[in-house]
>>> print(open('model-v7.pdb').read())   # PDB, C-alpha atoms
ATOM      1  CA  MET G1480       0.000   0.000   0.000  1.00  0.00           C
ATOM      2  CA  PRO G1481       1.508   3.389  -0.999  1.00  0.00           C
ATOM      3  CA  ALA G1482       2.264   5.920   1.721  1.00  0.00           C
ATOM      4  CA  ARG G1483      -0.322   8.673   1.927  1.00  0.00           C
ATOM      5  CA  HIS G1484       0.832  12.233   1.760  1.00  0.00           C
ATOM      6  CA  LYS G1485      -0.138  14.237   4.828  1.00  0.00           C
ATOM      7  CA  LEU G1486      -1.177  17.800   4.273  1.00  0.00           C
ATOM      8  CA  ASP G1487       1.237  20.164   6.004  1.00  0.00           C
ATOM      9  CA  LEU G1488      -0.631  23.405   6.785  1.00  0.00           C
ATOM     10  CA  THR G1489       2.516  25.469   7.034  1.00  0.00           C
ATOM     11  CA  ARG G1490       3.743  24.299   3.639  1.00  0.00           C
ATOM     12  CA  ASP G1491       0.491  23.774   1.739  1.00  0.00           C
ATOM     13  CA  THR G1492      -1.634  26.753   2.797  1.00  0.00           C
ATOM     14  CA  MET G1493      -1.886  28.085  -0.707  1.00  0.00           C
ATOM     15  CA  LEU G1494      -3.123  24.687  -1.843  1.00  0.00           C
ATOM     16  CA  LEU G1495      -6.014  24.904   0.603  1.00  0.00           C
ATOM     17  CA  PHE G1496      -7.081  28.415  -0.300  1.00  0.00           C
ATOM     18  CA  THR G1497      -6.591  28.474  -4.067  1.00  0.00           C
ATOM     19  CA  ARG G1498      -9.461  28.351  -6.511  1.00  0.00           C
ATOM     20  CA  CYS G1499      -9.366  26.211  -9.632  1.00  0.00           C
ATOM     21  CA  ASP G1500      -8.482  29.205 -11.790  1.00  0.00           C
ATOM     22  CA  GLY G1501      -5.401  29.919  -9.649  1.00  0.00           C
ATOM     23  CA  THR G1502      -6.722  33.029  -7.913  1.00  0.00           C
ATOM     24  CA  GLY G1503      -6.742  33.266  -4.135  1.00  0.00           C
ATOM     25  CA  MET G1504      -9.894  32.597  -2.197  1.00  0.00           C
ATOM     26  CA  GLY G1505     -11.206  35.047   0.426  1.00  0.00           C
ATOM     27  CA  LEU G1506     -10.876  33.713   3.955  1.00  0.00           C
ATOM     28  CA  GLY G1507     -13.584  35.800   5.588  1.00  0.00           C
ATOM     29  CA  TYR G1508     -14.377  38.249   8.333  1.00  0.00           C
ATOM     30  CA  LEU G1509     -15.205  38.000  12.017  1.00  0.00           C
ATOM     31  CA  GLY G1510     -16.839  40.647  14.173  1.00  0.00           C
ATOM     32  CA  ARG G1511     -18.143  40.841  17.736  1.00  0.00           C
ATOM     33  CA  CYS G1512     -19.696  43.620  19.760  1.00  0.00           C
ATOM     34  CA  HIS G1513     -20.630  44.163  23.403  1.00  0.00           C
ATOM     35  CA  LEU G1514     -23.157  46.548  24.939  1.00  0.00           C
ATOM     36  CA  GLU G1515     -21.147  48.957  27.084  1.00  0.00           C
ATOM     37  CA  ALA G1516     -23.819  51.423  28.233  1.00  0.00           C
ATOM     38  CA  GLU G1517     -27.546  51.921  27.748  1.00  0.00           C
ATOM     39  CA  ASP G1518     -29.980  54.559  28.901  1.00  0.00           C
ATOM     40  CA  GLY G1519     -33.409  55.750  27.826  1.00  0.00           C
ATOM     41  CA  GLU G1520     -32.088  57.554  24.770  1.00  0.00           C
ATOM     42  CA  ALA G1521     -29.143  55.592  23.367  1.00  0.00           C
ATOM     43  CA  ALA G1522     -27.007  52.460  23.543  1.00  0.00           C
ATOM     44  CA  VAL G1523     -23.219  52.380  23.147  1.00  0.00           C
ATOM     45  CA  TYR G1524     -21.468  49.272  21.793  1.00  0.00           C
ATOM     46  CA  SER G1525     -17.771  48.495  21.571  1.00  0.00           C
ATOM     47  CA  TYR G1526     -16.649  46.123  18.836  1.00  0.00           C
ATOM     48  CA  THR G1527     -13.643  44.357  17.380  1.00  0.00           C
ATOM     49  CA  GLY G1528     -13.166  42.669  14.057  1.00  0.00           C
ATOM     50  CA  THR G1529     -10.767  40.573  12.052  1.00  0.00           C
ATOM     51  CA  ASN G1530     -10.167  40.435   8.328  1.00  0.00           C
ATOM     52  CA  ALA G1531      -8.640  37.025   7.609  1.00  0.00           C
ATOM     53  CA  ASN G1532      -7.577  38.181   4.150  1.00  0.00           C
ATOM     54  CA  LEU G1533      -4.890  40.431   5.660  1.00  0.00           C
ATOM     55  CA  PRO G1534      -1.418  39.084   6.455  1.00  0.00           C
ATOM     56  CA  ARG G1535      -1.294  36.957   9.611  1.00  0.00           C
ATOM     57  CA  ASP G1536       1.121  39.363  11.335  1.00  0.00           C
ATOM     58  CA  ASP G1537      -1.493  42.128  11.188  1.00  0.00           C
ATOM     59  CA  TRP G1538      -4.352  40.070  12.708  1.00  0.00           C
ATOM     60  CA  ASP G1539      -3.393  40.400  16.377  1.00  0.00           C
ATOM     61  CA  ARG G1540      -2.399  44.038  16.060  1.00  0.00           C
ATOM     62  CA  LEU G1541      -5.604  45.032  14.262  1.00  0.00           C
ATOM     63  CA  GLU G1542      -7.870  42.900  16.447  1.00  0.00           C
ATOM     64  CA  SER G1543      -6.595  44.663  19.562  1.00  0.00           C
ATOM     65  CA  ILE G1544      -7.862  48.019  18.214  1.00  0.00           C
ATOM     66  CA  ALA G1545     -11.473  48.312  19.351  1.00  0.00           C
ATOM     67  CA  GLY G1546     -14.101  50.540  17.787  1.00  0.00           C
ATOM     68  CA  SER G1547     -17.414  51.816  19.070  1.00  0.00           C
ATOM     69  CA  PHE G1548     -20.812  52.893  17.777  1.00  0.00           C
ATOM     70  CA  THR G1549     -23.915  54.476  19.296  1.00  0.00           C
ATOM     71  CA  ILE G1550     -27.529  53.720  18.385  1.00  0.00           C
ATOM     72  CA  ARG G1551     -30.274  56.128  19.397  1.00  0.00           C
ATOM     73  CA  LYS G1552     -33.374  54.359  20.718  1.00  0.00           C
ATOM     74  CA  ASP G1553     -35.694  56.263  18.356  1.00  0.00           C
ATOM     75  CA  ALA G1554     -33.669  54.886  15.397  1.00  0.00           C
ATOM     76  CA  LEU G1555     -34.541  51.282  16.298  1.00  0.00           C
ATOM     77  CA  GLU G1556     -37.085  49.740  13.960  1.00  0.00           C
ATOM     78  CA  GLU G1557     -39.925  47.425  14.879  1.00  0.00           C
ATOM     79  CA  PRO G1558     -40.614  44.239  12.901  1.00  0.00           C
ATOM     80  CA  GLU G1559     -43.795  43.434  11.017  1.00  0.00           C
ATOM     81  CA  VAL G1560     -46.069  41.112  12.939  1.00  0.00           C
ATOM     82  CA  HIS G1561     -48.588  39.070  10.991  1.00  0.00           C
ATOM     83  CA  VAL G1562     -51.456  37.634  13.014  1.00  0.00           C
ATOM     84  CA  ARG G1563     -53.784  34.985  11.612  1.00  0.00           C
ATOM     85  CA  ARG G1564     -56.228  32.398  12.815  1.00  0.00           C
ATOM     86  CA  VAL G1565     -55.248  28.856  11.965  1.00  0.00           C
ATOM     87  CA  ARG G1566     -57.338  25.746  12.145  1.00  0.00           C
ATOM     88  CA  LYS G1567     -55.475  22.852  13.762  1.00  0.00           C
ATOM     89  CA  PRO G1568     -55.982  19.188  12.825  1.00  0.00           C
ATOM     90  CA  ASN G1569     -58.074  18.617  15.959  1.00  0.00           C
ATOM     91  CA  GLY G1570     -60.555  21.282  14.819  1.00  0.00           C
ATOM     92  CA  ARG G1571     -59.542  24.018  17.246  1.00  0.00           C
ATOM     93  CA  ARG G1572     -58.721  27.456  15.968  1.00  0.00           C
ATOM     94  CA  VAL G1573     -55.701  29.245  17.383  1.00  0.00           C
ATOM     95  CA  ILE G1574     -54.096  32.597  16.715  1.00  0.00           C
ATOM     96  CA  GLU G1575     -50.547  32.472  15.329  1.00  0.00           C
ATOM     97  CA  GLN G1576     -48.137  35.378  15.218  1.00  0.00           C
ATOM     98  CA  LYS G1577     -45.290  35.551  12.758  1.00  0.00           C
ATOM     99  CA  VAL G1578     -42.534  38.125  13.260  1.00  0.00           C
ATOM    100  CA  ILE G1579     -41.018  39.328   9.999  1.00  0.00           C
ATOM    101  CA  THR G1580     -37.706  41.181  10.245  1.00  0.00           C
ATOM    102  CA  HIS G1581     -36.338  43.481   7.577  1.00  0.00           C
ATOM    103  CA  PHE G1582     -33.020  45.112   6.757  1.00  0.00           C
ATOM    104  CA  PRO G1583     -32.981  48.686   8.055  1.00  0.00           C
ATOM    105  CA  SER G1584     -31.516  51.473   5.970  1.00  0.00           C
ATOM    106  CA  LEU G1585     -28.298  51.966   7.907  1.00  0.00           C
ATOM    107  CA  HIS G1586     -27.045  54.731   5.622  1.00  0.00           C
ATOM    108  CA  ASP G1587     -30.220  56.771   6.264  1.00  0.00           C
ATOM    109  CA  HIS G1588     -29.821  56.287  10.016  1.00  0.00           C
ATOM    110  CA  LEU G1589     -26.165  57.294   9.727  1.00  0.00           C
ATOM    111  CA  ARG G1590     -27.095  60.438   7.799  1.00  0.00           C
ATOM    112  CA  ASP G1591     -29.893  61.347  10.266  1.00  0.00           C
ATOM    113  CA  GLY G1592     -27.688  60.796  13.320  1.00  0.00           C
ATOM    114  CA  GLY G1593     -29.596  57.741  14.574  1.00  0.00           C
ATOM    115  CA  ILE G1594     -26.387  55.745  14.305  1.00  0.00           C
ATOM    116  CA  VAL G1595     -23.045  57.320  15.125  1.00  0.00           C
ATOM    117  CA  VAL G1596     -19.825  55.407  14.484  1.00  0.00           C
ATOM    118  CA  ASP G1597     -17.604  56.887  17.178  1.00  0.00           C
ATOM    119  CA  ASP G1598     -14.438  54.987  16.277  1.00  0.00           C
ATOM    120  CA  LEU G1599     -13.586  52.273  13.753  1.00  0.00           C
ATOM    121  CA  CYS G1600     -11.877  49.020  14.739  1.00  0.00           C
ATOM    122  CA  GLY G1601      -8.494  48.141  13.235  1.00  0.00           C
ATOM    123  CA  ALA G1602      -9.734  46.102  10.265  1.00  0.00           C
ATOM    124  CA  ASP G1603     -12.416  48.696   9.436  1.00  0.00           C
ATOM    125  CA  LYS G1604      -9.808  51.478   9.482  1.00  0.00           C
ATOM    126  CA  ILE G1605      -7.804  49.603   6.831  1.00  0.00           C
ATOM    127  CA  GLU G1606     -10.948  49.182   4.687  1.00  0.00           C
ATOM    128  CA  PHE G1607     -11.983  52.823   5.201  1.00  0.00           C
ATOM    129  CA  LYS G1608      -8.560  54.025   4.014  1.00  0.00           C
ATOM    130  CA  GLY G1609      -8.902  51.886   0.896  1.00  0.00           C
ATOM    131  CA  THR G1610     -12.534  52.561  -0.045  1.00  0.00           C
ATOM    132  CA  GLY G1611     -13.696  55.657   1.851  1.00  0.00           C
ATOM    133  CA  ASN G1612     -16.967  53.900   2.706  1.00  0.00           C
ATOM    134  CA  PRO G1613     -18.416  55.605   5.834  1.00  0.00           C
ATOM    135  CA  LEU G1614     -19.872  52.278   6.983  1.00  0.00           C
ATOM    136  CA  PRO G1615     -17.194  49.570   6.543  1.00  0.00           C
ATOM    137  CA  ARG G1616     -18.012  45.874   6.358  1.00  0.00           C
ATOM    138  CA  ILE G1617     -17.563  44.727   9.986  1.00  0.00           C
ATOM    139  CA  VAL G1618     -19.467  47.549  11.686  1.00  0.00           C
ATOM    140  CA  CYS G1619     -22.195  47.278   9.023  1.00  0.00           C
ATOM    141  CA  ARG G1620     -22.708  43.534   9.597  1.00  0.00           C
ATOM    142  CA  LEU G1621     -22.721  44.032  13.381  1.00  0.00           C
ATOM    143  CA  LEU G1622     -25.333  46.776  13.095  1.00  0.00           C
ATOM    144  CA  TYR G1623     -27.523  44.464  10.993  1.00  0.00           C
ATOM    145  CA  ALA G1624     -27.113  41.746  13.641  1.00  0.00           C
ATOM    146  CA  VAL G1625     -28.038  44.136  16.480  1.00  0.00           C
ATOM    147  CA  TYR G1626     -31.109  45.398  14.601  1.00  0.00           C
ATOM    148  CA  LYS G1627     -32.252  41.862  13.763  1.00  0.00           C
ATOM    149  CA  SER G1628     -31.821  40.702  17.357  1.00  0.00           C
ATOM    150  CA  TYR G1629     -33.800  43.730  18.550  1.00  0.00           C
ATOM    151  CA  MET G1630     -36.602  42.959  16.109  1.00  0.00           C
ATOM    152  CA  LEU G1631     -36.795  39.309  17.181  1.00  0.00           C
ATOM    153  CA  ASN G1632     -36.427  39.757  20.966  1.00  0.00           C
ATOM    154  CA  GLY G1633     -37.724  43.275  21.602  1.00  0.00           C
ATOM    155  CA  LYS G1634     -34.587  44.364  23.473  1.00  0.00           C
ATOM    156  CA  LEU G1635     -31.027  45.249  22.596  1.00  0.00           C
ATOM    157  CA  PRO G1636     -28.605  42.309  22.782  1.00  0.00           C
ATOM    158  CA  GLU G1637     -25.733  42.272  25.277  1.00  0.00           C
ATOM    159  CA  ASP G1638     -23.360  40.555  22.823  1.00  0.00           C
ATOM    160  CA  GLU G1639     -23.595  39.947  19.112  1.00  0.00           C
ATOM    161  CA  ALA G1640     -21.190  38.349  16.631  1.00  0.00           C
ATOM    162  CA  PHE G1641     -20.900  37.159  13.038  1.00  0.00           C
ATOM    163  CA  ILE G1642     -18.602  35.099  10.853  1.00  0.00           C
ATOM    164  CA  GLN G1643     -18.680  35.755   7.129  1.00  0.00           C
TER     165      GLN G1643
END
>>> encode(input="model-v7.pdb", output="C-alpha cells")
Amino acid sequence: MPARHKLDLTRDTMLLFTRCDGTGMGLGYLGRCHLEAEDGEAAVYSYTGTNANLPRDDWDRLESIAGSFTIRKDALEEPEVHVRRVRKPNGRRVIEQKVITHFPSLHDHLRDGGIVVDDLCGADKIEFKGTGNPLPRIVCRLLYAVYKSYMLNGKLPEDEAFIQ
C-alpha cells in the first residue's frame, strides 16, 4: 500500500485556499460587539473585528484596536407582525403570530444621526482608508445583527457576533 501524503498546513496553505483558476480565495471576516452602556435615549457598543484576508502578522495588532458605535433608541425599527387564525388538525382554531424582520436602511440612520460610528476598529480602518466607505463591512454587519436581534427579541442584545 503506498504511503499517503499528509497535508502540512505550514507548507500547503496556498493549496487549501486556491481556486481552480489559480486566484486566491477570500478567507472571511469576524466581528463581535458588546453593549457597554444603555440609557433611555441611546445604547453604546464596543466592537472588534478581524479580516482574515490580511497578512497573519497584522491580525493580532488590528484585532486589539477596538471601535465603538452608538444607536439612538428612536432609530430602532420594529418588525412586522402578521397575526392569523389557523385551524389545527383537531378542529380548534388558534391565533398564530409571525414576526417578519427586515433590513434597516443603515445609511439613512447614519445620515440622520440615529447611528453614530464613534471609532472604527483596526480592520475597518484599513478598509476605510482603501474605499472611503463611511460604513465599513464589519461595523455594518454588526449593526444588521443588532437590529435583527432587537426585532426578534424586543430588546437590545448584550453581545452579538458574526462570521462571514
>>> closest_residue(input="model-v7.pdb", among="G:Leu1589, G:Val1523, G:Leu1514, G:Leu1533", to="Glu1606 of chain G", atoms="only C-alpha atoms")
G:Leu1533
>>> resolve_selection(input="model-v7.pdb", expression="the PyMOL selection byres ((chain G and resi 1574) around 9)", output="MDAnalysis selection string")
chainID G and resid 1562:1566 1572:1573 1575:1576
>>> closest_residue(input="model-v7.pdb", among="G:Glu1637, G:Glu1559, G:Asp1553, G:Glu1542", to="Cys1600 of chain G", atoms="only C-alpha atoms")
G:Glu1542
>>> resolve_selection(input="model-v7.pdb", expression="the PyMOL selection byres ((chain G and resi 1596) around 7)", output="PyMOL selection string")
chain G and resi 1547-1549+1594-1595+1597-1598
>>> resolve_selection(input="model-v7.pdb", expression="the PyMOL selection byres ((chain G and resi 1613) around 9)", output="VMD selection string")
chain G and resid 1586 1589 1596 1607 1610 to 1612 1614 to 1615
>>> closest_residue(input="model-v7.pdb", among="G:Met1630, G:Cys1619, G:Lys1567, G:Leu1635", to="Ala1516 of chain G", atoms="all atoms listed in the file")
G:Leu1635
>>> atom_distance(input="model-v7.pdb", atom1="atom CA of Leu1509 of chain G", atom2="atom CA of Glu1557 of chain G")
26.6 Å
>>> closest_residue(input="model-v7.pdb", among="G:Val1625, G:Ala1554, G:Ile1617, G:Gly1633", to="His1513 of chain G", atoms="all atoms listed in the file")
G:Val1625
>>> atom_distance(input="model-v7.pdb", atom1="atom CA of Glu1517 of chain G", atom2="atom CA of Arg1551 of chain G")
9.7 Å
>>> closest_residue(input="model-v7.pdb", among="G:Leu1541, G:Val1578, G:Asn1632, G:Lys1552", to="Glu1520 of chain G", atoms="all atoms listed in the file")
G:Lys1552
>>> axis_aligned_box(input="model-v7.pdb", around="segment 1574-1584 of chain G", padding_each_side="4 Å", output="lines of an AutoDock Vina configuration file")
center_x = -42.8
center_y = 42.0
center_z = 11.3
size_x = 30.6
size_y = 27.0
size_z = 18.7
>>> atom_distance(input="model-v7.pdb", atom1="atom CA of Tyr1526 of chain G", atom2="atom CA of Gly1510 of chain G")
7.2 Å
>>> closest_residue(input="model-v7.pdb", among="G:Gly1592, G:Ile1579, G:Glu1556, G:Leu1585", to="Lys1634 of chain G", atoms="all atoms listed in the file")
G:Glu1556
>>> residues_around(input="model-v7.pdb", residues="Ala1531 of chain G", least_positions_apart="5", cutoff="9 Å", atoms="all atoms listed in the file", output="count of residues only")
6
>>> decode(input="model-v7.pdb", residues="segment 1532-1593 of chain G", atoms="C-alpha atoms", output="PDB file, in the first residue's frame")
ATOM      1  CA  ASN G1532      -7.577  38.181   4.150  1.00  0.00           C
ATOM      2  CA  LEU G1533      -4.890  40.431   5.660  1.00  0.00           C
ATOM      3  CA  PRO G1534      -1.418  39.084   6.455  1.00  0.00           C
ATOM      4  CA  ARG G1535      -1.294  36.957   9.611  1.00  0.00           C
ATOM      5  CA  ASP G1536       1.121  39.363  11.335  1.00  0.00           C
ATOM      6  CA  ASP G1537      -1.493  42.128  11.188  1.00  0.00           C
ATOM      7  CA  TRP G1538      -4.352  40.070  12.708  1.00  0.00           C
ATOM      8  CA  ASP G1539      -3.393  40.400  16.377  1.00  0.00           C
ATOM      9  CA  ARG G1540      -2.399  44.038  16.060  1.00  0.00           C
ATOM     10  CA  LEU G1541      -5.604  45.032  14.262  1.00  0.00           C
ATOM     11  CA  GLU G1542      -7.870  42.900  16.447  1.00  0.00           C
ATOM     12  CA  SER G1543      -6.595  44.663  19.562  1.00  0.00           C
ATOM     13  CA  ILE G1544      -7.862  48.019  18.214  1.00  0.00           C
ATOM     14  CA  ALA G1545     -11.473  48.312  19.351  1.00  0.00           C
ATOM     15  CA  GLY G1546     -14.101  50.540  17.787  1.00  0.00           C
ATOM     16  CA  SER G1547     -17.414  51.816  19.070  1.00  0.00           C
ATOM     17  CA  PHE G1548     -20.812  52.893  17.777  1.00  0.00           C
ATOM     18  CA  THR G1549     -23.915  54.476  19.296  1.00  0.00           C
ATOM     19  CA  ILE G1550     -27.529  53.720  18.385  1.00  0.00           C
ATOM     20  CA  ARG G1551     -30.274  56.128  19.397  1.00  0.00           C
ATOM     21  CA  LYS G1552     -33.374  54.359  20.718  1.00  0.00           C
ATOM     22  CA  ASP G1553     -35.694  56.263  18.356  1.00  0.00           C
ATOM     23  CA  ALA G1554     -33.669  54.886  15.397  1.00  0.00           C
ATOM     24  CA  LEU G1555     -34.541  51.282  16.298  1.00  0.00           C
ATOM     25  CA  GLU G1556     -37.085  49.740  13.960  1.00  0.00           C
ATOM     26  CA  GLU G1557     -39.925  47.425  14.879  1.00  0.00           C
ATOM     27  CA  PRO G1558     -40.614  44.239  12.901  1.00  0.00           C
ATOM     28  CA  GLU G1559     -43.795  43.434  11.017  1.00  0.00           C
ATOM     29  CA  VAL G1560     -46.069  41.112  12.939  1.00  0.00           C
ATOM     30  CA  HIS G1561     -48.588  39.070  10.991  1.00  0.00           C
ATOM     31  CA  VAL G1562     -51.456  37.634  13.014  1.00  0.00           C
ATOM     32  CA  ARG G1563     -53.784  34.985  11.612  1.00  0.00           C
ATOM     33  CA  ARG G1564     -56.228  32.398  12.815  1.00  0.00           C
ATOM     34  CA  VAL G1565     -55.248  28.856  11.965  1.00  0.00           C
ATOM     35  CA  ARG G1566     -57.338  25.746  12.145  1.00  0.00           C
ATOM     36  CA  LYS G1567     -55.475  22.852  13.762  1.00  0.00           C
ATOM     37  CA  PRO G1568     -55.982  19.188  12.825  1.00  0.00           C
ATOM     38  CA  ASN G1569     -58.074  18.617  15.959  1.00  0.00           C
ATOM     39  CA  GLY G1570     -60.555  21.282  14.819  1.00  0.00           C
ATOM     40  CA  ARG G1571     -59.542  24.018  17.246  1.00  0.00           C
ATOM     41  CA  ARG G1572     -58.721  27.456  15.968  1.00  0.00           C
ATOM     42  CA  VAL G1573     -55.701  29.245  17.383  1.00  0.00           C
ATOM     43  CA  ILE G1574     -54.096  32.597  16.715  1.00  0.00           C
ATOM     44  CA  GLU G1575     -50.547  32.472  15.329  1.00  0.00           C
ATOM     45  CA  GLN G1576     -48.137  35.378  15.218  1.00  0.00           C
ATOM     46  CA  LYS G1577     -45.290  35.551  12.758  1.00  0.00           C
ATOM     47  CA  VAL G1578     -42.534  38.125  13.260  1.00  0.00           C
ATOM     48  CA  ILE G1579     -41.018  39.328   9.999  1.00  0.00           C
ATOM     49  CA  THR G1580     -37.706  41.181  10.245  1.00  0.00           C
ATOM     50  CA  HIS G1581     -36.338  43.481   7.577  1.00  0.00           C
ATOM     51  CA  PHE G1582     -33.020  45.112   6.757  1.00  0.00           C
ATOM     52  CA  PRO G1583     -32.981  48.686   8.055  1.00  0.00           C
ATOM     53  CA  SER G1584     -31.516  51.473   5.970  1.00  0.00           C
ATOM     54  CA  LEU G1585     -28.298  51.966   7.907  1.00  0.00           C
ATOM     55  CA  HIS G1586     -27.045  54.731   5.622  1.00  0.00           C
ATOM     56  CA  ASP G1587     -30.220  56.771   6.264  1.00  0.00           C
ATOM     57  CA  HIS G1588     -29.821  56.287  10.016  1.00  0.00           C
ATOM     58  CA  LEU G1589     -26.165  57.294   9.727  1.00  0.00           C
ATOM     59  CA  ARG G1590     -27.095  60.438   7.799  1.00  0.00           C
ATOM     60  CA  ASP G1591     -29.893  61.347  10.266  1.00  0.00           C
ATOM     61  CA  GLY G1592     -27.688  60.796  13.320  1.00  0.00           C
ATOM     62  CA  GLY G1593     -29.596  57.741  14.574  1.00  0.00           C
TER      63      GLY G1593
END
